[in-house]
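S.K.: Coordinates in model-v6.cif, mmCIF, C-alpha atoms, are listed below.
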```
data_final
#
loop_
_atom_site.label_atom_id
_atom_site.label_comp_id
_atom_site.auth_asym_id
_atom_site.auth_seq_id
_atom_site.Cartn_x
_atom_site.Cartn_y
_atom_site.Cartn_z
CA MET A 15 16.45 18.71 10.52
CA THR A 16 14.95 21.58 8.53
CA SER A 17 11.26 20.57 8.67
CA ASP A 18 8.86 20.86 11.60
CA ARG A 19 8.38 17.09 11.66
CA ALA A 20 9.39 15.44 14.92
CA PRO A 21 12.33 13.04 14.39
CA GLY A 22 11.43 9.35 14.30
CA PHE A 23 12.71 6.64 16.64
CA SER A 24 15.81 5.62 14.70
CA THR A 25 16.76 9.22 13.93
CA ARG A 26 16.70 10.00 17.65
CA ALA A 27 18.56 6.80 18.55
CA ILE A 28 21.31 7.55 16.03
CA HIS A 29 21.75 11.29 16.47
CA VAL A 30 20.73 12.41 19.99
CA GLY A 31 23.85 12.41 22.16
CA SER A 32 26.04 11.67 19.13
CA GLU A 33 26.59 15.08 17.63
CA PRO A 34 29.92 15.24 15.70
CA ASP A 35 32.84 16.11 17.96
CA PRO A 36 33.53 19.87 17.53
CA ALA A 37 37.30 19.40 17.80
CA THR A 38 37.86 16.37 15.57
CA GLY A 39 34.64 15.87 13.63
CA ALA A 40 34.28 12.30 14.94
CA VAL A 41 30.73 11.16 14.21
CA ILE A 42 30.69 8.57 17.03
CA PRO A 43 31.25 9.72 20.64
CA PRO A 44 34.62 8.54 21.94
CA ILE A 45 35.12 6.33 24.96
CA TYR A 46 36.22 8.67 27.75
CA GLN A 47 38.17 6.01 29.63
CA THR A 48 39.11 8.19 32.57
CA SER A 49 38.32 8.23 36.27
CA THR A 50 38.81 11.96 36.88
CA PHE A 51 38.84 15.32 35.07
CA ALA A 52 41.10 18.36 35.34
CA GLN A 53 39.44 21.46 36.78
CA ASP A 54 40.05 25.03 35.71
CA GLY A 55 40.53 26.29 39.25
CA VAL A 56 38.82 24.96 42.36
CA GLY A 57 35.26 24.07 41.41
CA GLY A 58 35.83 25.28 37.85
CA LEU A 59 34.48 22.33 35.88
CA ARG A 60 34.99 22.14 32.15
CA THR A 61 31.79 21.39 30.28
CA GLY A 62 31.03 18.94 27.54
CA LEU A 63 27.57 18.08 26.23
CA GLY A 64 26.36 20.85 28.54
CA VAL A 65 27.60 19.06 31.67
CA GLY A 66 30.54 19.73 33.97
CA TYR A 67 32.64 16.69 34.86
CA GLU A 68 34.76 16.01 37.93
CA TYR A 69 34.75 12.24 38.59
CA SER A 70 33.43 9.41 36.42
CA ARG A 71 31.15 7.94 39.08
CA SER A 72 29.28 11.23 39.15
CA GLY A 73 29.33 11.73 35.40
CA ASN A 74 31.21 10.73 32.29
CA PRO A 75 30.75 12.12 28.74
CA THR A 76 30.29 8.67 27.19
CA ARG A 77 27.63 7.79 29.75
CA THR A 78 25.97 11.15 29.16
CA ALA A 79 25.80 10.42 25.43
CA PHE A 80 23.98 7.14 26.07
CA GLU A 81 21.67 8.61 28.70
CA ARG A 82 20.65 11.46 26.37
CA ALA A 83 19.91 9.05 23.51
CA PHE A 84 18.00 6.64 25.72
CA ALA A 85 15.89 9.40 27.23
CA ALA A 86 15.02 10.53 23.71
CA VAL A 87 13.69 7.13 22.62
CA GLU A 88 11.86 6.24 25.87
CA SER A 89 9.83 9.43 25.59
CA ALA A 90 6.63 10.47 27.32
CA GLY A 91 4.39 11.92 24.64
CA GLY A 92 6.89 14.62 23.74
CA GLU A 93 7.54 15.64 27.34
CA PRO A 94 11.26 15.73 28.27
CA THR A 95 12.56 12.61 29.97
CA ARG A 96 15.72 11.77 31.89
CA ALA A 97 17.61 8.49 31.66
CA LEU A 98 20.21 7.11 34.07
CA ALA A 99 22.63 4.31 33.17
CA PHE A 100 23.63 1.63 35.70
CA ALA A 101 26.04 -1.28 35.89
CA SER A 102 23.17 -3.79 35.55
CA GLY A 103 19.41 -3.99 35.42
CA LEU A 104 19.29 -5.10 39.06
CA ALA A 105 21.43 -2.12 40.07
CA ALA A 106 18.84 0.11 38.40
CA GLU A 107 16.03 -1.69 40.23
CA ASP A 108 17.85 -1.36 43.55
CA ALA A 109 18.10 2.40 43.03
CA VAL A 110 14.34 2.61 42.47
CA ILE A 111 13.55 0.62 45.62
CA ARG A 112 15.93 2.62 47.82
CA THR A 113 14.71 5.93 46.41
CA LEU A 114 10.99 5.30 46.66
CA THR A 115 10.55 3.14 49.76
CA ARG A 116 11.36 3.23 53.46
CA PRO A 117 11.12 0.56 56.17
CA GLY A 118 7.44 -0.14 56.77
CA ASP A 119 6.43 0.42 53.15
CA HIS A 120 4.86 -2.13 50.82
CA ALA A 121 5.17 -3.01 47.13
CA VAL A 122 2.96 -4.98 44.76
CA LEU A 123 4.80 -7.32 42.39
CA PRO A 124 3.52 -9.19 39.35
CA GLY A 125 2.58 -12.83 39.81
CA ASP A 126 5.04 -13.64 37.03
CA ALA A 127 8.30 -11.73 37.21
CA TYR A 128 12.00 -12.05 36.57
CA GLY A 129 13.52 -14.18 39.34
CA GLY A 130 16.19 -11.60 40.12
CA THR A 131 13.54 -8.94 40.75
CA TYR A 132 11.67 -11.22 43.12
CA ARG A 133 14.92 -12.10 44.91
CA LEU A 134 15.78 -8.41 45.29
CA PHE A 135 12.45 -7.69 46.97
CA ALA A 136 12.16 -10.91 48.98
CA ARG A 137 15.73 -11.29 50.21
CA VAL A 138 17.15 -7.75 50.17
CA ALA A 139 14.30 -5.25 50.55
CA GLU A 140 12.13 -7.34 52.88
CA PRO A 141 14.81 -7.78 55.60
CA TRP A 142 15.29 -4.02 55.36
CA GLY A 143 11.61 -3.59 56.18
CA VAL A 144 9.89 -3.28 52.77
CA ALA A 145 7.20 -5.93 52.38
CA SER A 146 5.85 -7.13 49.04
CA THR A 147 2.80 -9.00 47.76
CA THR A 148 2.34 -10.67 44.39
CA ALA A 149 -0.70 -9.87 42.27
CA ALA A 150 -1.59 -13.02 40.33
CA GLY A 151 -2.20 -12.16 36.69
CA GLY A 152 -1.04 -8.58 37.17
CA GLY A 153 -4.33 -7.06 36.00
CA PRO A 154 -5.96 -4.00 37.57
CA ASP A 155 -8.34 -6.05 39.75
CA ALA A 156 -5.51 -8.23 41.06
CA VAL A 157 -3.38 -5.17 41.77
CA ARG A 158 -6.24 -3.44 43.56
CA ALA A 159 -6.76 -6.51 45.74
CA ALA A 160 -3.06 -6.63 46.63
CA LEU A 161 -2.80 -2.95 47.64
CA GLN A 162 -2.40 -2.03 51.28
CA PRO A 163 -3.93 1.46 51.60
CA GLY A 164 -1.61 4.00 53.17
CA ARG A 165 1.32 1.62 52.98
CA THR A 166 1.79 0.59 49.33
CA ARG A 167 4.33 2.89 47.70
CA LEU A 168 5.22 0.92 44.55
CA VAL A 169 3.32 -1.13 42.01
CA TRP A 170 5.80 -3.08 39.88
CA VAL A 171 4.86 -4.37 36.43
CA GLU A 172 6.60 -6.41 33.74
CA THR A 173 4.91 -6.51 30.37
CA PRO A 174 5.51 -8.84 28.65
CA THR A 175 6.45 -10.85 31.73
CA ASN A 176 9.43 -13.13 32.08
CA PRO A 177 9.07 -16.03 31.30
CA LEU A 178 5.32 -16.55 30.78
CA LEU A 179 4.88 -13.61 28.38
CA GLY A 180 1.90 -12.21 30.27
CA ILE A 181 0.56 -8.81 29.24
CA THR A 182 -0.51 -6.05 31.63
CA ASP A 183 -2.71 -3.12 30.65
CA VAL A 184 -0.30 -0.39 31.78
CA ALA A 185 -2.82 2.46 31.57
CA ALA A 186 -5.40 0.59 33.66
CA VAL A 187 -2.89 -0.43 36.34
CA ALA A 188 -1.46 3.10 36.41
CA GLU A 189 -4.91 4.41 37.27
CA VAL A 190 -5.30 1.89 40.10
CA ALA A 191 -1.83 2.63 41.50
CA HIS A 192 -2.24 6.39 41.39
CA GLU A 193 -5.66 6.25 43.05
CA ALA A 194 -3.95 4.49 45.97
CA GLY A 195 -1.12 7.03 46.11
CA ALA A 196 1.44 4.55 44.76
CA LEU A 197 3.90 5.00 41.91
CA LEU A 198 3.98 2.63 38.94
CA VAL A 199 7.29 1.12 37.83
CA VAL A 200 7.31 -0.79 34.53
CA ASP A 201 10.07 -3.17 33.48
CA ASN A 202 10.19 -2.62 29.71
CA THR A 203 13.12 -4.94 28.99
CA PHE A 204 11.24 -7.46 26.80
CA ALA A 205 9.37 -4.85 24.75
CA THR A 206 12.17 -2.22 24.52
CA PRO A 207 11.46 1.45 23.80
CA TYR A 208 10.91 0.59 20.14
CA LEU A 209 7.86 -1.57 20.80
CA GLN A 210 6.38 0.13 23.88
CA ASN A 211 6.64 3.40 25.82
CA PRO A 212 5.17 2.94 29.33
CA LEU A 213 5.62 6.60 30.32
CA GLU A 214 3.09 7.50 27.64
CA LEU A 215 0.69 4.98 29.20
CA GLY A 216 0.93 6.43 32.71
CA ALA A 217 4.00 4.78 34.25
CA ASP A 218 6.17 6.87 36.59
CA VAL A 219 9.49 5.03 36.15
CA VAL A 220 10.63 2.67 33.39
CA VAL A 221 13.31 0.06 34.14
CA HIS A 222 15.50 -1.75 31.62
CA SER A 223 18.14 -4.40 31.63
CA THR A 224 20.10 -2.88 28.75
CA THR A 225 22.13 -6.10 28.73
CA LYS A 226 19.33 -7.53 26.61
CA TYR A 227 17.86 -5.98 23.45
CA VAL A 228 19.26 -2.47 23.86
CA GLY A 229 22.88 -3.66 23.92
CA GLY A 230 21.77 -6.43 21.61
CA HIS A 231 25.04 -8.29 21.06
CA SER A 232 25.53 -10.30 24.30
CA ASP A 233 28.76 -8.42 25.02
CA VAL A 234 27.81 -5.94 27.74
CA VAL A 235 25.92 -5.86 31.06
CA GLY A 236 23.95 -2.75 31.97
CA GLY A 237 20.73 -1.22 33.19
CA ALA A 238 18.79 2.01 32.88
CA LEU A 239 15.99 4.02 34.45
CA VAL A 240 13.86 6.60 32.67
CA THR A 241 11.40 9.05 34.19
CA ARG A 242 9.98 12.44 33.30
CA ALA A 243 12.53 15.24 33.52
CA PRO A 244 12.04 17.89 36.22
CA GLU A 245 11.00 20.44 33.57
CA ALA A 246 8.21 18.22 32.22
CA ALA A 247 4.69 19.46 32.86
CA ASP A 248 3.75 16.22 34.63
CA ALA A 249 7.09 15.56 36.33
CA VAL A 250 6.79 13.08 39.22
CA ARG A 251 7.87 14.05 42.74
CA ASP A 252 9.65 11.87 45.26
CA PRO A 253 6.90 11.14 47.82
CA TYR A 254 9.36 11.50 50.70
CA SER A 255 11.23 14.66 49.73
CA GLU A 256 8.91 16.38 47.23
CA GLU A 257 11.96 16.91 45.03
CA PRO A 258 11.65 15.95 41.34
CA LEU A 259 11.88 12.17 41.13
CA ALA A 260 14.47 12.40 38.34
CA ASP A 261 16.78 14.35 40.63
CA ARG A 262 16.32 11.92 43.54
CA LEU A 263 17.05 8.91 41.33
CA ALA A 264 20.16 10.65 39.99
CA TRP A 265 21.28 11.40 43.55
CA HIS A 266 20.98 7.73 44.48
CA GLN A 267 22.76 6.70 41.28
CA ASN A 268 25.76 8.76 42.35
CA ALA A 269 25.55 7.93 46.06
CA MET A 270 25.29 4.17 45.51
CA GLY A 271 27.81 4.18 42.68
CA ALA A 272 26.63 1.23 40.58
CA VAL A 273 27.05 3.21 37.37
CA ALA A 274 27.75 2.10 33.82
CA GLY A 275 31.43 2.37 32.94
CA PRO A 276 32.41 4.36 29.84
CA PHE A 277 33.12 1.33 27.64
CA ASP A 278 29.87 -0.33 28.71
CA ALA A 279 27.97 2.90 27.98
CA TRP A 280 29.64 3.11 24.56
CA LEU A 281 28.71 -0.48 23.66
CA THR A 282 25.12 0.07 24.78
CA LEU A 283 24.85 3.31 22.80
CA ARG A 284 26.15 1.44 19.75
CA GLY A 285 23.45 -1.19 20.22
CA LEU A 286 20.71 1.41 20.64
CA LYS A 287 21.41 2.84 17.19
CA THR A 288 20.28 -0.40 15.50
CA LEU A 289 17.52 -1.34 17.95
CA ALA A 290 14.64 -0.59 15.58
CA VAL A 291 15.85 -2.76 12.70
CA ARG A 292 16.78 -5.57 15.06
CA MET A 293 13.43 -5.57 16.84
CA GLU A 294 11.61 -5.72 13.50
CA ARG A 295 13.60 -8.86 12.61
CA HIS A 296 13.37 -10.40 16.11
CA SER A 297 9.59 -9.93 16.08
CA ALA A 298 9.06 -11.26 12.55
CA SER A 299 11.11 -14.40 13.24
CA ALA A 300 9.52 -14.95 16.66
CA ALA A 301 6.07 -14.79 15.09
CA ARG A 302 7.11 -17.52 12.62
CA VAL A 303 8.53 -19.64 15.44
CA ALA A 304 5.36 -19.23 17.52
CA GLU A 305 3.15 -20.26 14.61
CA PHE A 306 5.35 -23.32 14.00
CA LEU A 307 5.18 -24.37 17.65
CA LEU A 308 1.43 -23.81 17.78
CA GLY A 309 0.97 -26.59 15.22
CA HIS A 310 3.49 -29.04 16.69
CA ASP A 311 2.22 -32.24 18.30
CA ALA A 312 4.88 -32.18 21.06
CA VAL A 313 3.79 -28.74 22.29
CA SER A 314 0.85 -28.27 24.66
CA GLU A 315 0.86 -24.46 24.86
CA VAL A 316 2.56 -21.54 23.10
CA LEU A 317 3.01 -18.23 24.90
CA TYR A 318 3.54 -15.32 22.50
CA PRO A 319 1.58 -12.05 22.67
CA GLY A 320 1.63 -11.69 18.89
CA LEU A 321 -0.65 -14.72 18.51
CA PRO A 322 -4.40 -14.03 18.41
CA GLU A 323 -4.79 -17.04 20.74
CA HIS A 324 -2.80 -15.29 23.49
CA PRO A 325 -5.13 -14.02 26.28
CA GLY A 326 -3.34 -10.65 26.32
CA HIS A 327 -3.19 -10.23 22.55
CA GLU A 328 -5.73 -7.43 22.36
CA VAL A 329 -3.96 -5.34 25.01
CA ALA A 330 -0.56 -6.11 23.49
CA ALA A 331 -1.77 -5.00 20.07
CA ARG A 332 -2.96 -1.74 21.61
CA GLN A 333 0.17 -0.82 23.58
CA MET A 334 2.96 -2.60 21.66
CA ARG A 335 4.13 -2.03 18.10
CA LEU A 336 4.94 -5.74 17.45
CA GLY A 337 4.92 -9.02 19.36
CA GLY A 338 8.60 -8.97 20.35
CA GLY A 339 11.32 -11.58 20.11
CA MET A 340 10.55 -13.85 23.09
CA VAL A 341 8.56 -17.08 22.83
CA SER A 342 7.81 -19.60 25.58
CA PHE A 343 6.16 -22.99 25.19
CA ARG A 344 5.25 -26.05 27.21
CA LEU A 345 5.88 -29.71 26.36
CA ARG A 346 3.17 -32.37 26.52
CA ARG A 347 5.57 -34.91 27.98
CA GLY A 348 6.63 -32.70 30.88
CA ARG A 349 9.92 -31.73 32.44
CA GLU A 350 12.14 -34.41 30.92
CA ALA A 351 10.96 -33.55 27.43
CA ALA A 352 11.62 -29.86 28.12
CA LEU A 353 15.14 -30.64 29.28
CA LYS A 354 15.76 -32.81 26.21
CA ALA A 355 14.49 -30.08 23.90
CA CYS A 356 16.83 -27.55 25.52
CA ALA A 357 19.77 -29.93 25.12
CA GLY A 358 18.91 -30.93 21.57
CA THR A 359 19.33 -27.72 19.57
CA THR A 360 22.39 -26.73 17.55
CA VAL A 361 21.47 -23.28 16.23
CA PHE A 362 19.76 -22.19 19.44
CA THR A 363 22.42 -21.95 22.17
CA LEU A 364 21.59 -23.30 25.64
CA ALA A 365 22.22 -20.22 27.78
CA GLU A 366 20.62 -17.70 30.09
CA SER A 367 19.92 -14.07 29.13
CA LEU A 368 18.16 -12.90 25.98
CA GLY A 369 17.89 -10.18 23.38
CA GLY A 370 21.16 -10.76 21.53
CA ILE A 371 21.76 -11.38 17.86
CA GLU A 372 22.04 -15.13 18.52
CA SER A 373 19.08 -17.35 19.41
CA LEU A 374 19.03 -18.81 22.92
CA ILE A 375 17.04 -21.60 24.55
CA GLU A 376 16.67 -22.28 28.26
CA HIS A 377 14.70 -24.12 30.93
CA PRO A 378 13.50 -21.30 33.24
CA GLY A 379 12.65 -23.57 36.17
CA ALA A 380 16.24 -24.81 36.43
CA MET A 381 18.01 -21.70 35.13
CA THR A 382 16.83 -18.07 35.21
CA HIS A 383 13.93 -18.69 37.59
CA ALA A 384 15.44 -21.27 39.92
CA SER A 385 15.47 -18.61 42.66
CA VAL A 386 11.64 -18.50 42.73
CA ALA A 387 11.17 -22.26 43.23
CA GLY A 388 8.66 -22.82 46.02
CA SER A 389 7.41 -19.21 45.84
CA PRO A 390 4.19 -17.84 44.30
CA LEU A 391 6.27 -17.08 41.20
CA GLU A 392 7.41 -20.66 40.58
CA VAL A 393 7.22 -21.48 36.86
CA PRO A 394 6.01 -24.74 35.26
CA ASP A 395 8.73 -27.37 34.97
CA ASP A 396 7.67 -28.24 31.41
CA LEU A 397 8.34 -24.68 30.21
CA VAL A 398 10.97 -23.74 27.63
CA ARG A 399 11.89 -20.11 26.85
CA LEU A 400 13.31 -18.93 23.53
CA SER A 401 15.08 -15.71 22.67
CA VAL A 402 14.67 -15.65 18.90
CA GLY A 403 17.74 -14.10 17.29
CA LEU A 404 18.66 -12.82 13.85
CA GLU A 405 19.64 -16.06 12.14
CA ASP A 406 17.73 -17.24 9.06
CA VAL A 407 14.35 -18.24 10.39
CA GLU A 408 14.20 -21.44 8.32
CA ASP A 409 17.33 -22.64 10.15
CA LEU A 410 15.69 -21.89 13.48
CA LEU A 411 12.54 -23.81 12.56
CA ALA A 412 14.51 -26.82 11.38
CA ASP A 413 16.58 -26.76 14.58
CA LEU A 414 13.49 -26.71 16.79
CA ASP A 415 11.80 -29.42 14.75
CA ALA A 416 14.77 -31.75 15.21
CA ALA A 417 15.06 -31.00 18.93
CA LEU A 418 11.35 -31.58 19.54
CA ALA A 419 11.44 -34.84 17.60
CA ALA A 420 14.32 -36.05 19.79
CA ALA A 421 12.53 -34.89 22.94
CA SER A 422 9.42 -36.87 21.94
CA ALA A 423 11.23 -40.06 21.08
#
```
Write the structure described by the file as structure tokens, please.
M.R.:
Amino acid sequence: MTSDRAPGFSTRAIHVGSEPDPATGAVIPPIYQTSTFAQDGVGGLRTGLGVGYEYSRSGNPTRTAFERAFAAVESAGGEPTRALAFASGLAAEDAVIRTLTRPGDHAVLPGDAYGGTYRLFARVAEPWGVASTTAAGGGPDAVRAALQPGRTRLVWVETPTNPLLGITDVAAVAEVAHEAGALLVVDNTFATPYLQNPLELGADVVVHSTTKYVGGHSDVVGGALVTRAPEAADAVRDPYSEEPLADRLAWHQNAMGAVAGPFDAWLTLRGLKTLAVRMERHSASAARVAEFLLGHDAVSEVLYPGLPEHPGHEVAARQMRLGGGMVSFRLRRGREAALKACAGTTVFTLAESLGGIESLIEHPGAMTHASVAGSPLEVPDDLVRLSVGLEDVEDLLADLDAALAAASA
């Protein structure tokens, strides 16, 4: 660009990491489907995109292209950031836990969280010696009450939460965590970098399941971490080694090996380039769906942060660009009505996951959040979760209307 204006979100998503190939002129980075790279003499690594490559677990040009682009859009107020791509969102979370905790440490989790995150802490990290406590509501007072001074190393936040669409004031919780000497990790999967940038609000690490909105087409599984780059003025240090946190996370990414493959990285980079336009449409349609449900006799409660009636609406309006594409609601007639509604749609597909071009409907208690049954994170059995896709919104409203009528019969 020739002006001094900083590039916008979509310009960064489309161009950073995707410079035309100097040899062929290709405008899209190729898929480097290779496991190893020839060296020009022992230790003489050829460079591409400013990086030397030796083995695709340690680094691959296609993965580098995605990581550069993702770092550019999940920025921290202009400070340089570093992104790392993983084989799944849970692989990314595992790298955070292993990097930042040791046996005897403690973490604070949200009272409403993705079931896989809870399972990772409760059934993997806890037997290893890392305890965790849930903070009901996830607000600063609840987090402060759940802290264990001298022991808490991580405060984990989802905002919006999955599946109850709760909103956490990231800046306020960051202040509480940092006062206690803990680091703040924010799962930004539902909001995406287009709607929310937690690093700018005080978070230390941002986690994504790129399977969802970033990939955006329900055809790839992946995850990512973003933190401030070592050269950033406020770069975070690993509390155990005092090395830059970005470097320690990258070390664990390589050592543990759960990296994104080149084709997966290419698909996710492709999705990132259209994220802004998709999130605008997801959010606009979800807002229409939420308003429709709010006035429906079969529905007892609608959970959508874009609604003024939502208890976290004011905070969401302050830290998010739009309301997002996820809507949850509860049925007056309870669990059986919820199950009937999930089974009664034809445009909405009954399936787990979210964030794709197609609309999905699910019963969290029996599907995505079955693993938290009987725990403090158990979800209501009359709850239905929607991932509002890119279909014509009038078709979505008619589909829900028919399904709710059948569920109420």
S.K.: I'd like the interatomic distance between CA of Leu198 (chain A) and CA of Leu168 (chain A), to a tenth of an Å.
M.R.: 6.0 Å
S.K.: Evaluate the PyMOL selection byres ((chain A and resi 30) around 9) here and jot the selected residues down as JSON, numbers by chain.
M.R.: {"A": [25, 26, 27, 28, 29, 31, 32, 33, 79, 80, 82, 83, 84, 86]}
S.K.: To one decimal place, how far is CA of Gly388 (chain A) from CA of Leu317 (chain A) in Å?
M.R.: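 CA of Leu317 (chain A) lies 22.3 Å from CA of Gly388 (chain A).
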S.K.: Can you tell me, as a compact mmCIF listing (two decimals) with C-alpha atoms, in the frame of the given file, which residues sit within 12 Å of (38.5, 13.5, 31.7) in the file's frame, using all atoms listed in the file?
M.R.:
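Result file is point-v1.txt:
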```
# COMPACT_ATOMS: atom_id res chain seq x y z
CA PRO A 44 34.62 8.54 21.94
CA ILE A 45 35.12 6.33 24.96
CA TYR A 46 36.22 8.67 27.75
CA GLN A 47 38.17 6.01 29.63
CA THR A 48 39.11 8.19 32.57
CA SER A 49 38.32 8.23 36.27
CA THR A 50 38.81 11.96 36.88
CA PHE A 51 38.84 15.32 35.07
CA ALA A 52 41.10 18.36 35.34
CA GLN A 53 39.44 21.46 36.78
CA LEU A 59 34.48 22.33 35.88
CA ARG A 60 34.99 22.14 32.15
CA THR A 61 31.79 21.39 30.28
CA GLY A 62 31.03 18.94 27.54
CA GLY A 66 30.54 19.73 33.97
CA TYR A 67 32.64 16.69 34.86
CA GLU A 68 34.76 16.01 37.93
CA TYR A 69 34.75 12.24 38.59
CA SER A 70 33.43 9.41 36.42
CA ARG A 71 31.15 7.94 39.08
CA GLY A 73 29.33 11.73 35.40
CA ASN A 74 31.21 10.73 32.29
CA PRO A 75 30.75 12.12 28.74
CA THR A 76 30.29 8.67 27.19
CA PRO A 276 32.41 4.36 29.84
```
S.K.: One decimal, in Å: what's the spacing between CA of Leu374 (chain A) and CA of Met334 (chain A)?
M.R.: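 Rounded to one decimal, the two atoms are 22.9 Å apart.
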S.K.: Please report as CSV every residue of region 333-353 of chain A lying within 7 Å of region 392-406 of chain A, along with the nearest atom pair and their distance in Å (one decimal), using all atoms listed in the file.
M.R.:
```
residue,atom,partner,partner_atom,distance
A:Gly339,CA,A:Val402,CA,5.4
A:Met340,CA,A:Ser401,CA,4.9
A:Val341,CA,A:Leu400,CA,5.1
A:Ser342,CA,A:Arg399,CA,4.3
A:Phe343,CA,A:Val398,CA,5.4
A:Arg344,CA,A:Leu397,CA,4.5
A:Leu345,CA,A:Asp396,CA,5.6
A:Gly348,CA,A:Asp396,CA,4.6
A:Arg349,CA,A:Asp396,CA,4.3
A:Ala352,CA,A:Asp396,CA,5.4
```
S.K.: Go ahead and save the picked residues with C-alpha atoms, as a short mmCIF file (atom, residue, chain, number, x, y, z; two decimals), keeping the file's coordinate frame.
M.R.:
```
data_model
loop_
_atom_site.label_atom_id
_atom_site.label_comp_id
_atom_site.auth_asym_id
_atom_site.auth_seq_id
_atom_site.Cartn_x
_atom_site.Cartn_y
_atom_site.Cartn_z
CA GLY A 339 11.32 -11.58 20.11
CA MET A 340 10.55 -13.85 23.09
CA VAL A 341 8.56 -17.08 22.83
CA SER A 342 7.81 -19.60 25.58
CA PHE A 343 6.16 -22.99 25.19
CA ARG A 344 5.25 -26.05 27.21
CA LEU A 345 5.88 -29.71 26.36
CA GLY A 348 6.63 -32.70 30.88
CA ARG A 349 9.92 -31.73 32.44
CA ALA A 352 11.62 -29.86 28.12
#
```
S.K.: Excluding His383 (chain A) and its own-chain neighbours fewer than 4 positions away, which residues fall within 12 Å of it when counting only C-alpha atoms? Please give them as a JSON list (two decimals) with C-alpha atoms, in the frame of the given file.
M.R.:
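Wrote it out as result.json, contents follow:
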```
[["chain", "number", "residue", "atom", "x", "y", "z"],
["A", 126, "ASP", "CA", 5.04, -13.64, 37.03],
["A", 127, "ALA", "CA", 8.30, -11.73, 37.21],
["A", 128, "TYR", "CA", 12.00, -12.05, 36.57],
["A", 129, "GLY", "CA", 13.52, -14.18, 39.34],
["A", 130, "GLY", "CA", 16.19, -11.60, 40.12],
["A", 131, "THR", "CA", 13.54, -8.94, 40.75],
["A", 132, "TYR", "CA", 11.67, -11.22, 43.12],
["A", 133, "ARG", "CA", 14.92, -12.10, 44.91],
["A", 176, "ASN", "CA", 9.43, -13.13, 32.08],
["A", 177, "PRO", "CA", 9.07, -16.03, 31.30],
["A", 178, "LEU", "CA", 5.32, -16.55, 30.78],
["A", 366, "GLU", "CA", 20.62, -17.70, 30.09],
["A", 367, "SER", "CA", 19.92, -14.07, 29.13],
["A", 376, "GLU", "CA", 16.67, -22.28, 28.26],
["A", 377, "HIS", "CA", 14.70, -24.12, 30.93],
["A", 378, "PRO", "CA", 13.50, -21.30, 33.24],
["A", 379, "GLY", "CA", 12.65, -23.57, 36.17],
["A", 387, "ALA", "CA", 11.17, -22.26, 43.23],
["A", 388, "GLY", "CA", 8.66, -22.82, 46.02],
["A", 389, "SER", "CA", 7.41, -19.21, 45.84],
["A", 390, "PRO", "CA", 4.19, -17.84, 44.30],
["A", 391, "LEU", "CA", 6.27, -17.08, 41.20],
["A", 392, "GLU", "CA", 7.41, -20.66, 40.58],
["A", 393, "VAL", "CA", 7.22, -21.48, 36.86],
["A", 394, "PRO", "CA", 6.01, -24.74, 35.26],
["A", 395, "ASP", "CA", 8.73, -27.37, 34.97],
["A", 397, "LEU", "CA", 8.34, -24.68, 30.21],
["A", 398, "VAL", "CA", 10.97, -23.74, 27.63],
["A", 399, "ARG", "CA", 11.89, -20.11, 26.85]]
```
S.K.: Where does the PyMOL selection byres ((chain A and resi 312) around 6) land in this file, that is, which residues does it pick, as number ranges by chain?
M.R.: A: 310-311, 313, 345-346
S.K.: Do a neighbour search on region 90-96 of chain A at 7 Å with only C-alpha atoms, toss out local chain neighbours closer than 4 positions, and write the hits as a list of chain:residue names.
M.R.: A:Ala85, A:Leu213, A:Glu214, A:Val240, A:Thr241, A:Arg242, A:Ala243, A:Ala246, A:Ala260
S.K.: Tell me which protein, DNA and RNA residues are within 9 Å of Asp261 (chain A), counting all atoms listed in the file, leaving out same-chain ones fewer than 3 positions away, and put them as a count of residues only.
M.R.: 8
S.K.: Within 12 Å of (14.8, 5.9, 41.9) (file coordinates; only C-alpha atoms), which protein or nucleic acid residues are there? I'd like them as a ChimeraX atom specification.
M.R.: /A:96-100,105-115,168,197-199,218-221,238-242,250-254,257-270
S.K.: From the list A:Ala156, A:Ala419, A:Val235, A:Cys356, which residue is nearest Val273 (chain A) when using all atoms listed in the file?
M.R.: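 The answer is A:Val235, which sits nearest to Val273 (chain A).
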S.K.: From the list A:Pro212, A:Gly236, A:Pro43, A:Pro322, which residue is nearest Asp278 (chain A) when using only C-alpha atoms?
M.R.: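 Checking each candidate against Asp278 (chain A), we get A:Gly236 as the closest.
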S.K.: List the residues matched by the PyMOL selection byres ((chain A and resi 223-231) around 6) in the displayed structure as a list in words, ordered by chain and then by residue number.
M.R.: Gly103, Thr203, His222, Ser232, Asp233, Val234, Val235, Gly236, Gly237, Thr282, Gly285, Leu286, Leu368, Gly369, Gly370 and Ile371 of chain A
S.K.: Measuring atom to atom with all atoms listed in the file, identify which of A:Trp170, A:Tyr208, A:Trp280, A:Tyr318 is nearest to Gly153 (chain A).
M.R.: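 Counting all atoms listed in the file, the residue closest to Gly153 (chain A) is A:Trp170.
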S.K.: Tell me, as number ranges by chain, which residues lie within 12 Å of Ala417 (chain A), counting all atoms listed in the file; anything in the same chain fewer than 5 positions away does not count.
M.R.: A: 307, 310, 312-313, 345, 351-362, 375, 410-412, 422-423
